[in-house]
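Shown here: start_3.cif, mmCIF, C-alpha atoms.
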data_structure
#
loop_
_atom_site.label_atom_id
_atom_site.label_comp_id
_atom_site.auth_asym_id
_atom_site.auth_seq_id
_atom_site.Cartn_x
_atom_site.Cartn_y
_atom_site.Cartn_z
CA MET A 1 -37.99 30.04 17.75
CA GLU A 2 -38.63 26.32 18.23
CA SER A 3 -34.96 25.69 19.04
CA ILE A 4 -34.96 28.57 21.57
CA GLY A 5 -38.05 27.03 23.17
CA THR A 6 -36.34 23.64 23.42
CA LEU A 7 -33.27 25.26 24.99
CA ALA A 8 -35.44 27.18 27.48
CA GLY A 9 -37.22 23.98 28.47
CA GLY A 10 -33.95 22.12 28.97
CA ILE A 11 -32.54 24.90 31.15
CA ALA A 12 -35.76 24.94 33.20
CA HIS A 13 -35.58 21.17 33.75
CA ASP A 14 -31.97 21.26 34.98
CA PHE A 15 -32.60 24.35 37.11
CA ASN A 16 -35.64 22.73 38.75
CA ASN A 17 -33.49 19.73 39.71
CA LEU A 18 -31.01 22.09 41.39
CA LEU A 19 -33.84 23.89 43.18
CA MET A 20 -35.11 20.49 44.32
CA GLY A 21 -31.77 19.82 46.00
CA ILE A 22 -31.81 23.20 47.76
CA GLN A 23 -35.48 22.89 48.76
CA GLY A 24 -35.01 19.33 49.95
CA ASN A 25 -32.08 20.02 52.21
CA ALA A 26 -33.74 23.13 53.68
CA SER A 27 -36.90 21.10 54.43
CA LEU A 28 -34.92 18.32 56.08
CA ILE A 29 -33.06 20.75 58.35
CA LEU A 30 -36.32 22.54 59.24
CA LEU A 31 -37.87 19.23 60.23
CA GLY A 32 -35.56 19.00 63.23
CA LEU A 33 -35.59 22.68 64.22
CA ASP A 34 -37.73 24.48 66.75
CA VAL A 35 -39.36 27.70 65.49
CA GLY A 36 -37.30 29.63 68.03
CA HIS A 37 -33.98 28.45 66.57
CA PRO A 38 -31.85 31.34 65.19
CA TYR A 39 -31.56 29.61 61.79
CA TYR A 40 -35.27 28.80 61.44
CA GLU A 41 -36.26 32.05 59.70
CA LYS A 42 -33.18 31.94 57.46
CA LEU A 43 -34.15 28.47 56.26
CA LYS A 44 -37.75 29.60 55.67
CA SER A 45 -36.27 32.45 53.59
CA ILE A 46 -34.35 29.89 51.51
CA GLU A 47 -37.67 28.13 50.83
CA GLU A 48 -39.16 31.44 49.66
CA TYR A 49 -36.18 32.03 47.34
CA VAL A 50 -36.70 28.55 45.90
CA LYS A 51 -40.34 29.47 45.18
CA SER A 52 -39.16 32.57 43.32
CA GLY A 53 -36.73 30.46 41.31
CA ALA A 54 -39.52 27.98 40.53
CA ASP A 55 -41.70 30.88 39.32
CA LEU A 56 -38.97 31.86 36.87
CA THR A 57 -38.68 28.31 35.53
CA ARG A 58 -42.47 28.21 35.09
CA GLN A 59 -42.12 31.25 32.85
CA LEU A 60 -39.46 29.42 30.85
CA LEU A 61 -41.61 26.29 30.61
CA GLY A 62 -44.60 28.34 29.46
CA PHE A 63 -42.50 29.96 26.75
CA ALA A 64 -41.07 26.57 25.78
CA ARG A 65 -44.65 25.34 25.24
CA GLY A 66 -43.55 22.06 26.72
CA GLY A 67 -46.88 20.45 27.43
CA LYS A 68 -49.52 20.59 30.09
CA TYR A 69 -48.95 18.75 33.35
CA GLU A 70 -52.31 17.96 34.93
CA VAL A 71 -55.26 18.73 32.70
CA LYS A 72 -58.58 18.99 34.54
CA SER A 73 -62.08 19.95 33.50
CA THR A 74 -62.34 23.45 34.95
CA ASN A 75 -64.88 26.15 35.66
CA LEU A 76 -62.94 29.27 34.66
CA ASN A 77 -65.27 31.54 36.63
CA ASN A 78 -64.27 29.89 39.92
CA LEU A 79 -60.57 29.88 39.01
CA ILE A 80 -60.63 33.58 38.03
CA MET A 81 -62.61 34.69 41.10
CA ASN A 82 -60.18 32.88 43.42
CA HIS A 83 -57.22 34.48 41.64
CA ASN A 84 -58.84 37.93 41.81
CA ARG A 85 -59.19 37.62 45.60
CA MET A 86 -55.53 36.69 46.03
CA PHE A 87 -54.21 39.38 43.69
CA GLY A 88 -56.49 42.02 45.25
CA ARG A 89 -55.00 41.36 48.69
CA THR A 90 -51.47 42.11 47.52
CA LYS A 91 -52.18 45.08 45.19
CA LYS A 92 -54.51 47.38 47.11
CA GLU A 93 -54.04 50.21 44.59
CA VAL A 94 -55.73 48.13 41.87
CA THR A 95 -59.49 47.46 41.82
CA ILE A 96 -60.61 44.32 40.00
CA HIS A 97 -64.09 44.21 38.47
CA GLY A 98 -65.59 40.90 37.35
CA LYS A 99 -68.41 40.12 34.92
CA TYR A 100 -68.97 36.39 34.51
CA GLU A 101 -71.10 34.34 32.10
CA LYS A 102 -73.63 32.46 34.26
CA ASP A 103 -73.29 29.05 32.58
CA LEU A 104 -69.76 29.37 31.24
CA TRP A 105 -68.67 26.33 29.24
CA THR A 106 -66.19 24.00 30.91
CA VAL A 107 -62.60 23.88 29.58
CA ASP A 108 -59.90 21.21 29.93
CA VAL A 109 -56.81 23.04 31.20
CA ASP A 110 -53.78 22.83 33.43
CA GLN A 111 -55.11 25.05 36.23
CA GLY A 112 -51.65 26.08 37.45
CA GLN A 113 -50.70 27.31 33.99
CA ILE A 114 -53.94 29.27 33.53
CA GLU A 115 -53.36 30.89 36.94
CA GLN A 116 -49.88 31.80 35.68
CA VAL A 117 -51.48 33.41 32.60
CA LEU A 118 -53.78 35.50 34.79
CA MET A 119 -50.94 36.51 37.11
CA ASN A 120 -48.77 37.68 34.21
CA LEU A 121 -51.63 39.68 32.66
CA TYR A 122 -52.54 41.27 36.01
CA VAL A 123 -48.93 42.14 36.84
CA ASN A 124 -48.53 43.62 33.35
CA ALA A 125 -51.66 45.74 33.96
CA TRP A 126 -50.51 46.79 37.44
CA GLN A 127 -47.15 47.93 36.07
CA ALA A 128 -48.95 49.94 33.37
CA MET A 129 -50.89 51.79 36.13
CA PRO A 130 -48.22 53.34 38.40
CA ARG A 131 -50.82 55.53 40.15
CA GLY A 132 -53.33 52.70 40.53
CA GLY A 133 -56.34 51.90 38.39
CA ASP A 134 -58.87 49.27 37.38
CA ILE A 135 -58.72 45.80 35.88
CA HIS A 136 -61.92 44.55 34.25
CA VAL A 137 -62.26 40.78 33.77
CA GLN A 138 -65.07 39.26 31.75
CA THR A 139 -65.94 35.68 30.73
CA GLU A 140 -68.36 34.64 28.01
CA ASN A 141 -69.33 31.73 25.79
CA ILE A 142 -68.57 32.24 22.13
CA ILE A 143 -69.02 30.15 19.00
CA LEU A 144 -66.36 30.70 16.34
CA ASP A 145 -67.09 29.86 12.73
CA GLU A 146 -64.62 29.45 9.87
CA ASN A 147 -65.01 33.11 8.89
CA LEU A 148 -63.55 34.29 12.19
CA PHE A 149 -59.78 34.20 12.74
CA LYS A 150 -59.11 32.85 9.25
CA THR A 151 -55.38 33.42 9.74
CA SER A 152 -55.30 31.49 13.02
CA LYS A 153 -55.21 27.73 13.52
CA LEU A 154 -58.36 27.71 15.65
CA THR A 155 -60.95 25.17 14.59
CA PRO A 156 -64.59 26.29 14.42
CA GLY A 157 -66.63 25.46 17.52
CA LYS A 158 -67.39 26.46 21.09
CA TYR A 159 -64.91 28.52 23.11
CA ALA A 160 -64.77 30.10 26.56
CA LYS A 161 -63.51 33.65 26.23
CA ILE A 162 -61.65 35.63 28.92
CA THR A 163 -61.19 39.38 28.45
CA VAL A 164 -58.77 41.32 30.65
CA THR A 165 -58.84 45.13 30.28
CA ASP A 166 -56.81 47.69 32.22
CA THR A 167 -56.93 51.49 32.52
CA GLY A 168 -53.18 51.84 32.11
CA GLU A 169 -50.86 53.70 29.79
CA GLY A 170 -51.61 51.59 26.72
CA MET A 171 -49.26 50.59 23.91
CA ASP A 172 -48.41 51.82 20.45
CA LYS A 173 -48.71 49.57 17.37
CA ASP A 174 -44.99 48.73 17.32
CA THR A 175 -45.08 47.51 20.94
CA GLN A 176 -48.23 45.45 20.30
CA GLU A 177 -46.53 43.62 17.45
CA LYS A 178 -43.65 42.56 19.73
CA ILE A 179 -45.51 42.08 23.00
CA PHE A 180 -45.49 38.26 22.87
CA ASP A 181 -41.86 37.97 21.71
CA PRO A 182 -39.53 36.31 24.25
CA PHE A 183 -37.23 38.72 26.13
CA PHE A 184 -39.04 41.80 24.76
CA THR A 185 -39.78 44.23 27.56
CA THR A 186 -40.59 47.93 27.90
CA LYS A 187 -39.47 47.85 31.56
CA GLU A 188 -36.09 48.60 33.10
CA MET A 189 -33.78 45.57 33.21
CA ALA A 190 -34.25 45.23 36.97
CA ARG A 191 -38.05 45.07 36.68
CA GLY A 192 -38.69 42.47 34.00
CA THR A 193 -37.31 39.42 32.20
CA GLY A 194 -39.38 39.79 29.05
CA LEU A 195 -40.69 36.27 29.56
CA GLY A 196 -44.09 37.00 31.13
CA LEU A 197 -46.24 37.58 28.05
CA ALA A 198 -44.19 35.18 25.91
CA SER A 199 -45.05 32.57 28.52
CA VAL A 200 -48.74 33.57 28.39
CA TYR A 201 -48.73 33.16 24.61
CA GLY A 202 -47.02 29.76 24.80
CA ILE A 203 -49.43 28.42 27.41
CA ILE A 204 -52.58 29.53 25.56
CA MET A 205 -51.34 28.19 22.23
CA ASN A 206 -50.42 24.91 23.90
CA HIS A 207 -54.01 24.61 25.13
CA GLY A 208 -55.28 24.88 21.56
CA GLY A 209 -56.41 28.44 22.17
CA LEU A 210 -55.68 31.96 20.99
CA ILE A 211 -54.71 35.26 22.61
CA ASP A 212 -54.81 38.70 20.99
CA VAL A 213 -54.31 42.25 22.21
CA TYR A 214 -55.84 45.64 21.43
CA SER A 215 -54.43 48.85 22.83
CA GLU A 216 -54.02 52.56 22.20
CA LYS A 217 -51.58 54.94 23.83
CA GLY A 218 -53.19 56.50 26.89
CA GLU A 219 -56.33 54.32 26.56
CA GLY A 220 -55.34 51.10 28.33
CA SER A 221 -55.02 47.57 26.94
CA THR A 222 -57.35 44.63 26.33
CA PHE A 223 -56.25 40.99 26.09
CA ASN A 224 -58.71 38.43 24.70
CA ILE A 225 -58.18 34.72 25.39
CA TYR A 226 -60.10 31.93 23.64
CA LEU A 227 -59.98 28.38 25.08
CA PRO A 228 -61.76 25.38 23.50
CA ALA A 229 -64.89 24.29 25.38
CA SER A 230 -65.16 20.75 26.73
CA GLU A 231 -68.11 18.38 27.03
CA LYS A 232 -66.80 17.06 30.37
CA THR A 233 -68.14 18.04 33.78
CA VAL A 234 -66.14 19.58 36.61
CA LYS A 235 -65.36 17.17 39.44
CA GLY A 236 -65.31 18.34 43.05
CA GLU A 237 -61.86 18.38 44.69
CA LYS A 238 -60.82 17.77 48.28
CA LYS A 239 -58.93 20.55 50.04
CA PRO A 240 -55.32 19.45 50.57
CA SER A 241 -54.31 18.76 54.17
CA GLN A 242 -51.96 21.27 55.77
CA GLU A 243 -50.28 18.51 57.81
CA LEU A 244 -47.31 16.31 56.96
CA LEU A 245 -48.96 12.99 56.13
CA LYS A 246 -47.05 9.86 57.09
CA GLY A 247 -47.23 6.20 56.10
CA LYS A 248 -45.59 2.78 56.44
CA GLU A 249 -45.75 1.53 52.86
CA THR A 250 -42.77 0.63 50.65
CA VAL A 251 -41.85 3.16 47.95
CA LEU A 252 -39.55 2.65 44.97
CA LEU A 253 -37.93 6.00 44.12
CA VAL A 254 -36.49 6.28 40.59
CA ASP A 255 -34.33 9.17 39.34
CA ASP A 256 -31.05 9.48 37.43
CA GLU A 257 -29.89 12.40 39.63
CA ASP A 258 -28.04 11.31 42.80
CA MET A 259 -29.05 14.57 44.48
CA ILE A 260 -32.77 13.79 43.98
CA ILE A 261 -32.35 10.19 45.15
CA ASP A 262 -30.58 11.43 48.30
CA VAL A 263 -33.08 14.18 49.18
CA GLY A 264 -36.16 12.23 48.06
CA GLY A 265 -35.05 9.14 49.99
CA GLN A 266 -34.61 11.17 53.18
CA PHE A 267 -38.01 12.81 52.64
CA LEU A 268 -39.69 9.41 52.41
CA GLU A 269 -37.85 7.93 55.40
CA SER A 270 -38.77 10.99 57.50
CA MET A 271 -42.42 10.30 56.64
CA GLY A 272 -42.13 6.71 57.82
CA TYR A 273 -41.92 4.92 54.46
CA LYS A 274 -39.56 2.08 53.60
CA VAL A 275 -37.48 3.20 50.63
CA LEU A 276 -36.00 1.35 47.65
CA THR A 277 -34.08 3.37 45.04
CA GLY A 278 -33.29 2.99 41.36
CA THR A 279 -30.89 5.28 39.49
CA GLY A 280 -32.56 4.76 36.11
CA GLY A 281 -35.45 3.11 34.31
CA LYS A 282 -33.73 -0.20 33.57
CA GLU A 283 -32.61 -0.68 37.18
CA ALA A 284 -36.12 0.26 38.39
CA VAL A 285 -37.75 -2.38 36.18
CA GLU A 286 -35.35 -5.06 37.48
CA ILE A 287 -36.01 -4.07 41.11
CA TYR A 288 -39.75 -4.12 40.51
CA LYS A 289 -39.56 -7.59 38.88
CA GLU A 290 -37.88 -8.94 42.03
CA LYS A 291 -39.90 -7.07 44.67
CA SER A 292 -43.27 -6.20 43.11
CA ASP A 293 -45.11 -7.90 45.98
CA GLU A 294 -43.42 -5.59 48.51
CA ILE A 295 -43.70 -2.29 46.59
CA ASP A 296 -46.82 -0.18 47.20
CA LEU A 297 -45.86 2.87 45.13
CA VAL A 298 -43.32 3.86 42.46
CA ILE A 299 -42.16 7.49 42.14
CA VAL A 300 -40.45 7.88 38.77
CA ASP A 301 -38.71 10.82 37.10
CA MET A 302 -39.96 11.49 33.59
CA VAL A 303 -36.72 12.57 31.90
CA MET A 304 -33.92 9.99 32.25
CA PRO A 305 -31.25 8.70 29.82
CA ASP A 306 -31.57 5.21 28.29
CA MET A 307 -35.12 4.62 29.54
CA GLY A 308 -37.42 7.56 30.32
CA GLY A 309 -40.32 7.68 32.76
CA GLY A 310 -42.90 6.77 30.12
CA GLU A 311 -41.22 3.54 29.04
CA THR A 312 -40.38 2.69 32.67
CA TYR A 313 -44.05 3.10 33.57
CA ASP A 314 -45.20 0.92 30.65
CA ARG A 315 -42.78 -1.91 31.55
CA ILE A 316 -43.68 -1.85 35.24
CA LYS A 317 -47.39 -1.83 34.37
CA LYS A 318 -46.87 -4.99 32.28
CA ILE A 319 -45.49 -6.70 35.40
CA ASN A 320 -48.40 -5.44 37.54
CA PRO A 321 -51.39 -3.79 35.81
CA ASN A 322 -52.54 -2.43 39.20
CA VAL A 323 -49.25 -0.70 40.06
CA LYS A 324 -49.54 2.79 41.56
CA VAL A 325 -47.14 5.30 40.02
CA LEU A 326 -46.44 8.96 40.77
CA LEU A 327 -44.68 10.77 37.93
CA SER A 328 -42.17 13.49 38.84
CA SER A 329 -40.29 15.98 36.70
CA GLY A 330 -39.04 19.52 36.34
CA TYR A 331 -40.22 19.61 32.72
CA SER A 332 -42.86 18.12 30.46
CA ILE A 333 -41.43 17.54 26.97
CA ASN A 334 -44.05 17.91 24.22
CA GLY A 335 -46.84 16.96 26.58
CA HIS A 336 -45.34 13.54 27.45
CA ALA A 337 -46.41 13.92 31.08
CA THR A 338 -50.04 14.28 30.00
CA GLU A 339 -49.75 11.28 27.68
CA ILE A 340 -48.37 9.09 30.49
CA LEU A 341 -51.16 10.22 32.82
CA GLU A 342 -53.72 9.36 30.14
CA ARG A 343 -52.25 5.84 29.95
CA GLY A 344 -53.19 5.29 33.59
CA CYS A 345 -50.37 6.82 35.63
CA ASN A 346 -51.90 7.88 38.96
CA GLY A 347 -50.48 11.36 39.50
CA PHE A 348 -47.88 14.03 38.76
CA ILE A 349 -45.74 16.22 41.01
CA GLN A 350 -43.56 18.98 39.63
CA LYS A 351 -40.10 19.70 40.98
CA PRO A 352 -39.16 21.46 43.12
CA PHE A 353 -41.55 20.19 45.78
CA ASN A 354 -41.32 20.28 49.57
CA MET A 355 -41.94 17.42 52.00
CA LYS A 356 -45.53 18.41 52.75
CA GLN A 357 -46.44 18.55 49.04
CA LEU A 358 -44.88 15.13 48.46
CA SER A 359 -46.64 13.62 51.49
CA GLN A 360 -50.01 14.85 50.20
CA LYS A 361 -49.41 13.55 46.67
CA ILE A 362 -48.36 10.13 47.95
CA LYS A 363 -51.51 9.82 50.08
CA GLU A 364 -53.63 10.95 47.15
CA VAL A 365 -52.15 8.24 44.90
CA LEU A 366 -52.20 5.49 47.53
CA ASP A 367 -55.86 6.24 48.27
CA THR A 368 -56.92 5.82 44.62
CA LYS A 369 -58.81 2.61 43.90
#
Structure encoded using structure tokens:
Amino acid sequence: MESIGTLAGGIAHDFNNLLMGIQGNASLILLGLDVGHPYYEKLKSIEEYVKSGADLTRQLLGFARGGKYEVKSTNLNNLIMNHNRMFGRTKKEVTIHGKYEKDLWTVDVDQGQIEQVLMNLYVNAWQAMPRGGDIHVQTENIILDENLFKTSKLTPGKYAKITVTDTGEGMDKDTQEKIFDPFFTTKEMARGTGLGLASVYGIIMNHGGLIDVYSEKGEGSTFNIYLPASEKTVKGEKKPSQELLKGKETVLLVDDEDMIIDVGGQFLESMGYKVLTGTGGKEAVEIYKEKSDEIDLVIVDMVMPDMGGGETYDRIKKINPNVKVLLSSGYSINGHATEILERGCNGFIQKPFNMKQLSQKIKEVLDTK
């Protein structure tokens, strides 16, 4: 299973780079088009297809258990309520009921991945209720001692628990035993990849948590998720701007893929930045040695031959301890992205990204003190 996970992660990384090329070129063409142009809607459709492709790679990355990207102290109640509102708008035949612990313990999670968990569980419930039905979501604080879950690897302590229950068709024992296996699906081939719940399992395990399921035929299903509580407090976040943010600073863009250098360079120039490029870690370090006084920001890919993003970051930081670096990748191998961020790297952006997302991330990093 570990080798399949590694393969899935590698495929996701390469596929995200391809999507980045498609997304990038579509964004660049749209930049010069009026909304009334006959090709405008077609290009917007391409962007939507890229999003769908990125959703599939997220499923692969979740199954691969390849690390968490941006871990933040999170109030799960707020995250779940926001997700419920969005899901409720698209699936009118499903009613979502929430019961939330008042002072739910904070958890340290990758919010995007936990949203992906919720989406997969809700879609699974919706598909189990072809005539509509109810989803009940509950949060609670729970303390686990060594007598509970003896067969699991959970350590005793405080956990935030999420329970998702549906009024669907339910599952027999045989299905429950296979439900988290990759590529297992009870749906027609056209309706499912069999990656959704495998991805859910991978994400929760990668967060040091546990997920289990209880179901009976004709009685619906219940999924219980346990995530370790954190002592940290939740920080307030600014709402991202909806505008394309421009600048005049000098950016060093580092990636081993010519396609990414080409698209990323054009993105940056369109936003007003002066661009320097490096096609690998070693070249980037040499460029930074020569021009560190000119360079305001380094955008570096995490997965590169010879010298990866982590080592590149460490060497550049030795030259200038105050360097500002934005890490970029289509895949996080064994949590390396998180480790680099913990060493002081200023931010992370996951491929494929569009011009607006990049512009916002750059401003966010440049504005950090």
Contact table segment 214-319 of chain A vs segment 118-141 of chain A, cut-off 9 Å, shortest pair per residue, only C-alpha atoms, as CSV:
residue,atom,partner,partner_atom,distance
A:Gly220,CA,A:Ala128,CA,8.2
A:Ser221,CA,A:Ala125,CA,8.0
A:Phe223,CA,A:Leu121,CA,8.1
A:Ala229,CA,A:Asn141,CA,8.7
Ground truth for the PyMOL selection byres ((chain A and resi 366) around 12), written as a PyMOL selection string: chain A and resi 245-251+295-299+322-326+346-347+359-365+367-369
Interatomic distance (Å, one decimal) between atom CA of Asp108 of chain A and atom CA of Ile225 of chain A: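 Atom CA of Ile225 of chain A lies at a distance of 14.4 Å from atom CA of Asp108 of chain A.
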Hits of the PyMOL selection byres ((chain A and resi 170) around 8) in this structure, as a PyMOL selection string: chain A and resi 128+167-169+171-172+215-221
Given only C-alpha atoms as the counted atoms, nearest of A:Thr165, A:Asn77, A:Ser27, A:Ser52 to Lys356 of chain A: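 Distance minimum relative to Lys356 of chain A lands on A:Ser27.
Minimum atom-to-atom distance to His13 of chain A, evaluated using all atoms listed in the file, belongs to A:Ala54 out of A:Glu283, A:Lys291, A:Thr175, A:Ala54.
Restricting the calculation to only C-alpha atoms, the smallest distance between Thr95 of chain A and any of A:Glu47, A:Glu290, A:Asp256, A:Asp166 is found for A:Asp166.
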Contacts of Gln111 of chain A at 12 Å (only C-alpha atoms; same-chain gap of 3+ positions) as a list in words: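 Counting only the stated atoms, we get Lys68, Tyr69, Glu70, Val71, Lys72, Ser73, Thr74, Asn75, Leu76, Asn78, Leu79, Ile80, Asn82, His83, Val107, Asp108, Ile114, Glu115, Gln116, Val117, Leu118, Ile203, Ile204 and His207 of chain A.
For the structure shown here, the set of residues caught by the PyMOL selection byres ((chain A and resi 284) around 9) is A:Leu252, A:Leu253, A:Val254, A:Thr277, A:Gly278, A:Thr279, A:Gly280, A:Gly281, A:Lys282, A:Glu283, A:Val285, A:Glu286, A:Ile287, A:Tyr288, A:Lys289, A:Val300, A:Thr312, A:Ile316.
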Distance of atom CA of Ile319 of chain A from atom CA of Met307 of chain A, expressed in Å to one decimal place: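 Result for atom CA of Met307 of chain A versus atom CA of Ile319 of chain A: 16.4 Å, one decimal.
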Å distance separating atom CA of Asp301 of chain A from atom CA of Ser328 of chain A, one decimal place: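 Interatomic distance, atom CA of Asp301 of chain A to atom CA of Ser328 of chain A: 4.7 Å.
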May I have the protein, DNA and RNA residues with any atom at most 12 Å from the point (-52.4, 5.9, 29.1), counting only C-alpha atoms, written as a short mmCIF file (atom, residue, chain, number, x, y, z; two decimals) with C-alpha atoms, in the frame of the given file?
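So selection_21.cif came out as:
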data_model
loop_
_atom_site.label_atom_id
_atom_site.label_comp_id
_atom_site.auth_asym_id
_atom_site.auth_seq_id
_atom_site.Cartn_x
_atom_site.Cartn_y
_atom_site.Cartn_z
CA GLY A 310 -42.90 6.77 30.12
CA GLU A 311 -41.22 3.54 29.04
CA TYR A 313 -44.05 3.10 33.57
CA ASP A 314 -45.20 0.92 30.65
CA LYS A 317 -47.39 -1.83 34.37
CA PRO A 321 -51.39 -3.79 35.81
CA HIS A 336 -45.34 13.54 27.45
CA ALA A 337 -46.41 13.92 31.08
CA THR A 338 -50.04 14.28 30.00
CA GLU A 339 -49.75 11.28 27.68
CA ILE A 340 -48.37 9.09 30.49
CA LEU A 341 -51.16 10.22 32.82
CA GLU A 342 -53.72 9.36 30.14
CA ARG A 343 -52.25 5.84 29.95
CA GLY A 344 -53.19 5.29 33.59
CA CYS A 345 -50.37 6.82 35.63
CA ASN A 346 -51.90 7.88 38.96
CA GLY A 347 -50.48 11.36 39.50
#
Centre and edges of the segment 25-33 of chain A box, axis-aligned, 5 Å extra per side, as JSON:
{"center_x": -35.0, "center_y": 20.7, "center_z": 58.2, "size_x": 15.8, "size_y": 14.8, "size_z": 22.0}
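Residue nearest Ile260 of chain A within the list A:Gln176, A:Gly330, A:Tyr40, A:Gly308: A:Gly330 [criterion: smallest interatomic distance, all atoms listed in the file].
For the choices A:Ile179, A:Lys318, A:Met271, A:Ile142, the atom-to-atom distance to Ser292 of chain A is smallest for A:Lys318 when using all atoms listed in the file.
With distances restricted to all atoms listed in the file, A:Gly264 is the closest residue to Met355 of chain A from A:Gly264, A:Pro156, A:Gly272, A:Gly36.
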For Met20 of chain A: contacts at 10 Å, only C-alpha atoms, fewer than 6 positions along chain excluded, given as a VMD selection string: chain A and resid 14 26 50 54 259 to 260 263 to 264 330 350 to 354
